[in-house]
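Below is structure_11.tsv, which holds TSV, N, CA and C atoms.
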chain	number	residue	atom	x	y	z
O	69	MET	N	-41.49	202.21	34.29
O	69	MET	CA	-40.21	201.99	34.93
O	69	MET	C	-39.10	202.40	33.95
O	70	GLN	N	-38.13	203.12	34.42
O	70	GLN	CA	-37.00	203.54	33.59
O	70	GLN	C	-35.88	202.51	33.72
O	71	VAL	N	-35.49	201.93	32.57
O	71	VAL	CA	-34.55	200.82	32.56
O	71	VAL	C	-33.38	201.13	31.63
O	72	LEU	N	-32.17	201.11	32.17
O	72	LEU	CA	-30.97	201.28	31.36
O	72	LEU	C	-30.61	199.92	30.75
O	73	VAL	N	-30.51	199.89	29.42
O	73	VAL	CA	-30.11	198.67	28.72
O	73	VAL	C	-28.71	198.90	28.17
O	74	VAL	N	-27.71	198.37	28.86
O	74	VAL	CA	-26.33	198.50	28.41
O	74	VAL	C	-26.12	197.48	27.29
O	75	GLY	N	-25.74	197.98	26.12
O	75	GLY	CA	-25.61	197.11	24.95
O	75	GLY	C	-26.87	197.12	24.10
O	76	ALA	N	-27.57	198.24	24.10
O	76	ALA	CA	-28.87	198.35	23.42
O	76	ALA	C	-28.79	198.12	21.91
O	77	ASN	N	-27.65	198.31	21.30
O	77	ASN	CA	-27.54	198.11	19.85
O	77	ASN	C	-27.19	196.67	19.47
O	78	GLY	N	-26.96	195.82	20.43
O	78	GLY	CA	-26.65	194.42	20.15
O	78	GLY	C	-27.92	193.62	19.87
O	79	GLN	N	-27.75	192.38	19.50
O	79	GLN	CA	-28.91	191.53	19.17
O	79	GLN	C	-29.85	191.38	20.35
O	80	VAL	N	-29.32	191.05	21.49
O	80	VAL	CA	-30.15	190.88	22.68
O	80	VAL	C	-30.67	192.23	23.17
O	81	GLY	N	-29.81	193.23	23.17
O	81	GLY	CA	-30.19	194.56	23.62
O	81	GLY	C	-31.34	195.15	22.82
O	82	ARG	N	-31.33	194.97	21.51
O	82	ARG	CA	-32.43	195.47	20.66
O	82	ARG	C	-33.76	194.81	21.03
O	83	LEU	N	-33.70	193.49	21.23
O	83	LEU	CA	-34.92	192.78	21.62
O	83	LEU	C	-35.44	193.27	22.97
O	84	LEU	N	-34.53	193.48	23.90
O	84	LEU	CA	-34.92	193.98	25.22
O	84	LEU	C	-35.55	195.37	25.13
O	85	MET	N	-34.93	196.24	24.34
O	85	MET	CA	-35.47	197.59	24.16
O	85	MET	C	-36.90	197.52	23.62
O	86	GLN	N	-37.12	196.68	22.62
O	86	GLN	CA	-38.46	196.54	22.02
O	86	GLN	C	-39.47	195.98	23.02
O	87	GLN	N	-39.05	194.98	23.79
O	87	GLN	CA	-39.94	194.38	24.79
O	87	GLN	C	-40.29	195.38	25.89
O	88	LEU	N	-39.32	196.15	26.32
O	88	LEU	CA	-39.58	197.15	27.35
O	88	LEU	C	-40.56	198.22	26.85
O	89	LEU	N	-40.36	198.66	25.63
O	89	LEU	CA	-41.29	199.64	25.05
O	89	LEU	C	-42.70	199.07	24.96
O	90	ALA	N	-42.81	197.83	24.51
O	90	ALA	CA	-44.11	197.18	24.36
O	90	ALA	C	-44.82	197.02	25.72
O	91	ALA	N	-44.03	196.87	26.77
O	91	ALA	CA	-44.58	196.70	28.11
O	91	ALA	C	-44.94	198.03	28.77
O	92	GLY	N	-44.63	199.14	28.09
O	92	GLY	CA	-44.94	200.45	28.63
O	92	GLY	C	-43.85	201.05	29.50
O	93	ASP	N	-42.70	200.40	29.52
O	93	ASP	CA	-41.57	200.94	30.28
O	93	ASP	C	-40.82	201.97	29.45
O	94	THR	N	-39.87	202.65	30.08
O	94	THR	CA	-39.06	203.66	29.40
O	94	THR	C	-37.61	203.16	29.37
O	95	PRO	N	-37.23	202.49	28.27
O	95	PRO	CA	-35.84	202.04	28.19
O	95	PRO	C	-34.90	203.18	27.83
O	96	VAL	N	-33.70	203.10	28.34
O	96	VAL	CA	-32.62	204.05	28.03
O	96	VAL	C	-31.53	203.24	27.35
O	97	ALA	N	-31.12	203.68	26.16
O	97	ALA	CA	-30.13	202.95	25.38
O	97	ALA	C	-28.72	203.27	25.87
O	98	GLY	N	-28.06	202.28	26.44
O	98	GLY	CA	-26.67	202.42	26.86
O	98	GLY	C	-25.77	201.94	25.72
O	99	LEU	N	-24.98	202.86	25.17
O	99	LEU	CA	-24.18	202.56	23.98
O	99	LEU	C	-22.71	202.93	24.17
O	100	LYS	N	-21.87	202.33	23.32
O	100	LYS	CA	-20.46	202.73	23.25
O	100	LYS	C	-20.40	204.14	22.66
O	101	PRO	N	-19.35	204.89	22.99
O	101	PRO	CA	-19.23	206.25	22.44
O	101	PRO	C	-19.21	206.28	20.91
O	102	THR	N	-18.77	205.20	20.28
O	102	THR	CA	-18.66	205.16	18.82
O	102	THR	C	-19.93	204.68	18.13
O	103	GLU	N	-20.92	204.24	18.91
O	103	GLU	CA	-22.14	203.71	18.31
O	103	GLU	C	-23.15	204.82	18.02
O	104	ASP	N	-23.96	204.56	17.00
O	104	ASP	CA	-25.01	205.49	16.59
O	104	ASP	C	-26.27	205.23	17.41
O	105	GLY	N	-26.78	206.26	18.06
O	105	GLY	CA	-27.99	206.13	18.85
O	105	GLY	C	-29.20	206.77	18.21
O	106	GLU	N	-29.06	207.13	16.93
O	106	GLU	CA	-30.13	207.84	16.23
O	106	GLU	C	-31.44	207.04	16.22
O	107	GLU	N	-31.34	205.74	16.04
O	107	GLU	CA	-32.54	204.89	16.01
O	107	GLU	C	-33.38	205.07	17.27
O	108	TRP	N	-32.71	205.12	18.42
O	108	TRP	CA	-33.42	205.25	19.69
O	108	TRP	C	-33.87	206.69	19.92
O	109	ALA	N	-33.02	207.64	19.57
O	109	ALA	CA	-33.37	209.06	19.74
O	109	ALA	C	-34.57	209.42	18.87
O	110	ASP	N	-34.65	208.84	17.68
O	110	ASP	CA	-35.78	209.11	16.79
O	110	ASP	C	-37.10	208.63	17.38
O	111	GLN	N	-37.03	207.68	18.31
O	111	GLN	CA	-38.22	207.18	18.98
O	111	GLN	C	-38.51	207.95	20.26
O	112	GLY	N	-37.73	209.00	20.48
O	112	GLY	CA	-37.92	209.83	21.67
O	112	GLY	C	-37.29	209.25	22.92
O	113	LEU	N	-36.39	208.29	22.74
O	113	LEU	CA	-35.76	207.65	23.90
O	113	LEU	C	-34.41	208.29	24.21
O	114	MET	N	-34.03	208.21	25.45
O	114	MET	CA	-32.75	208.75	25.88
O	114	MET	C	-31.63	207.79	25.50
O	115	VAL	N	-30.52	208.36	25.05
O	115	VAL	CA	-29.33	207.59	24.70
O	115	VAL	C	-28.22	208.01	25.66
O	116	CYS	N	-27.58	207.03	26.25
O	116	CYS	CA	-26.50	207.28	27.20
O	116	CYS	C	-25.25	206.58	26.68
O	117	LYS	N	-24.26	207.36	26.27
O	117	LYS	CA	-23.03	206.77	25.74
O	117	LYS	C	-22.00	206.63	26.85
O	118	MET	N	-21.33	205.48	26.86
O	118	MET	CA	-20.36	205.21	27.92
O	118	MET	C	-19.26	204.29	27.43
O	119	ASP	N	-18.07	204.50	27.97
O	119	ASP	CA	-16.92	203.65	27.66
O	119	ASP	C	-16.65	202.81	28.90
O	120	LEU	N	-17.12	201.57	28.87
O	120	LEU	CA	-17.05	200.71	30.05
O	120	LEU	C	-15.63	200.34	30.45
O	121	LEU	N	-14.72	200.26	29.48
O	121	LEU	CA	-13.34	199.87	29.80
O	121	LEU	C	-12.49	201.05	30.22
O	122	ALA	N	-12.54	202.13	29.46
O	122	ALA	CA	-11.68	203.28	29.75
O	122	ALA	C	-12.23	204.19	30.85
O	123	LYS	N	-13.56	204.26	30.95
O	123	LYS	CA	-14.18	205.17	31.93
O	123	LYS	C	-15.37	204.50	32.61
O	124	PRO	N	-15.12	203.52	33.45
O	124	PRO	CA	-16.23	202.81	34.10
O	124	PRO	C	-17.11	203.72	34.96
O	125	GLU	N	-16.60	204.85	35.36
O	125	GLU	CA	-17.40	205.78	36.15
O	125	GLU	C	-18.61	206.30	35.36
O	126	GLN	N	-18.52	206.24	34.02
O	126	GLN	CA	-19.66	206.66	33.20
O	126	GLN	C	-20.85	205.73	33.41
O	127	LEU	N	-20.60	204.46	33.62
O	127	LEU	CA	-21.68	203.52	33.92
O	127	LEU	C	-22.29	203.86	35.27
O	128	ALA	N	-21.45	204.16	36.23
O	128	ALA	CA	-21.95	204.51	37.56
O	128	ALA	C	-22.87	205.73	37.48
O	129	SER	N	-22.50	206.72	36.69
O	129	SER	CA	-23.33	207.92	36.53
O	129	SER	C	-24.64	207.59	35.82
O	130	ALA	N	-24.57	206.72	34.82
O	130	ALA	CA	-25.76	206.37	34.04
O	130	ALA	C	-26.79	205.62	34.88
O	131	ILE	N	-26.33	204.86	35.84
O	131	ILE	CA	-27.22	204.06	36.69
O	131	ILE	C	-28.07	204.93	37.61
O	132	MET	N	-27.54	206.09	37.97
O	132	MET	CA	-28.25	206.98	38.89
O	132	MET	C	-29.64	207.31	38.36
O	133	GLY	N	-30.64	207.12	39.17
O	133	GLY	CA	-32.01	207.47	38.80
O	133	GLY	C	-32.75	206.38	38.04
O	134	MET	N	-32.09	205.29	37.71
O	134	MET	CA	-32.75	204.19	37.00
O	134	MET	C	-33.49	203.30	37.99
O	135	ASP	N	-34.58	202.73	37.53
O	135	ASP	CA	-35.31	201.76	38.35
O	135	ASP	C	-34.70	200.38	38.21
O	136	ALA	N	-34.08	200.13	37.06
O	136	ALA	CA	-33.45	198.83	36.81
O	136	ALA	C	-32.36	199.01	35.76
O	137	VAL	N	-31.42	198.06	35.75
O	137	VAL	CA	-30.33	198.05	34.78
O	137	VAL	C	-30.24	196.63	34.22
O	138	ILE	N	-30.17	196.53	32.89
O	138	ILE	CA	-29.95	195.25	32.24
O	138	ILE	C	-28.63	195.35	31.50
O	139	PHE	N	-27.71	194.47	31.82
O	139	PHE	CA	-26.40	194.47	31.17
O	139	PHE	C	-26.40	193.42	30.07
O	140	ALA	N	-26.58	193.88	28.83
O	140	ALA	CA	-26.64	192.99	27.68
O	140	ALA	C	-25.46	193.21	26.75
O	141	ALA	N	-24.43	193.88	27.23
O	141	ALA	CA	-23.26	194.15	26.38
O	141	ALA	C	-22.40	192.91	26.29
O	142	GLY	N	-22.09	192.54	25.07
O	142	GLY	CA	-21.21	191.39	24.84
O	142	GLY	C	-19.80	191.86	24.55
O	143	SER	N	-19.01	190.96	24.07
O	143	SER	CA	-17.62	191.28	23.77
O	143	SER	C	-17.45	191.87	22.38
O	144	GLY	N	-18.51	191.88	21.60
O	144	GLY	CA	-18.39	192.38	20.23
O	144	GLY	C	-17.50	191.49	19.39
O	145	GLY	N	-17.39	190.23	19.80
O	145	GLY	CA	-16.56	189.29	19.06
O	145	GLY	C	-15.09	189.41	19.39
O	146	GLN	N	-14.75	190.25	20.34
O	146	GLN	CA	-13.36	190.44	20.71
O	146	GLN	C	-13.14	189.96	22.13
O	147	ARG	N	-11.97	189.47	22.37
O	147	ARG	CA	-11.63	188.99	23.69
O	147	ARG	C	-10.56	189.90	24.28
O	148	GLN	N	-10.79	190.36	25.48
O	148	GLN	CA	-9.80	191.22	26.11
O	148	GLN	C	-9.66	190.80	27.57
O	149	ILE	N	-8.46	190.60	27.99
O	149	ILE	CA	-8.19	190.24	29.38
O	149	ILE	C	-7.89	191.51	30.13
O	150	LEU	N	-8.61	191.71	31.21
O	150	LEU	CA	-8.43	192.92	32.00
O	150	LEU	C	-7.44	192.70	33.10
If you convert what's in this file into structure tokens, what do you get?
Amino acid sequence: MQVLVVGANGQVGRLLMQQLLAAGDTPVAGLKPTEDGEEWADQGLMVCKMDLLAKPEQLASAIMGMDAVIFAAGSGGQRQIL
């Protein structure tokens, strides 16, 4: 199963990515445009960079073709009122 993990570089996201791999699924790392996805790419996994606040349509595009989506993105310790 192909699963998009939004927030793959976070504490929870990393654990989810590892669990999905161990279960035989194909996780896709959903990252901020400024984050490094080399760790996931080195494992042969797809990296999808998106800016959830400035360009939410990028998330919509990333979801296409996925069997499941896990939203594990936190606030990064910052609070922003939309």
Counting only C-alpha atoms, closest pick from O:Glu107, O:Ala141, O:Ala76, O:Met134 relative to Leu121 (chain O) is O:Ala141
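Interatomic distance, atom C of Pro95 (chain O) against atom C of Leu113 (chain O): 6.3 Å.
In this comparison, which uses only N, CA and C atoms, the residue of O:Glu125, O:Met132, O:Gly112, O:Ala97 approaching Met85 (chain O) most closely is O:Ala97.
Atom to atom, CA of Met118 (chain O) and CA of Val74 (chain O) stand 9.0 Å apart.
If you count all atoms listed in the file and draw a sphere of 8 Å around (-44.1, 203.7, 36.5), the protein and nucleic acid residues inside it come out as Met69, Gln70, Gly92, Asp93 and Thr94 of chain O.
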Up to 6 Å from (-28.9, 196.7, 26.9) in the file's coordinates: name the residues, counting all atoms listed in the file, as an MDAnalysis selection string. chainID O and resid 72:77 81 98 138:141
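For chain O, a DSSP pass over the backbone yields alpha helix (DSSP H) at Gln79, Val80, Gly81, Arg82, Leu83, Leu84, Met85, Gln86, Gln87, Leu88, Leu89, Ala90, Glu106, Glu107, Trp108, Ala109, Glu125, Gln126, Leu127, Ala128, Ser129, Ala130 and Ile131 of chain O.
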Just asking: which residues within chain O are strand (DSSP E or B) according to DSSP, as a PyMOL selection string? chain O and resi 70-74+94-99+115-117+136-139
Separation of atom C of Ala109 (chain O) from CA of Leu89 (chain O), in Å and rounded to one decimal: 13.4 Å
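Remark: for Lys117 (chain O), the closest of the candidate residues O:Arg82, O:Ala136, O:Val71, O:Val96 is O:Val96 (distances computed over only C-alpha atoms).
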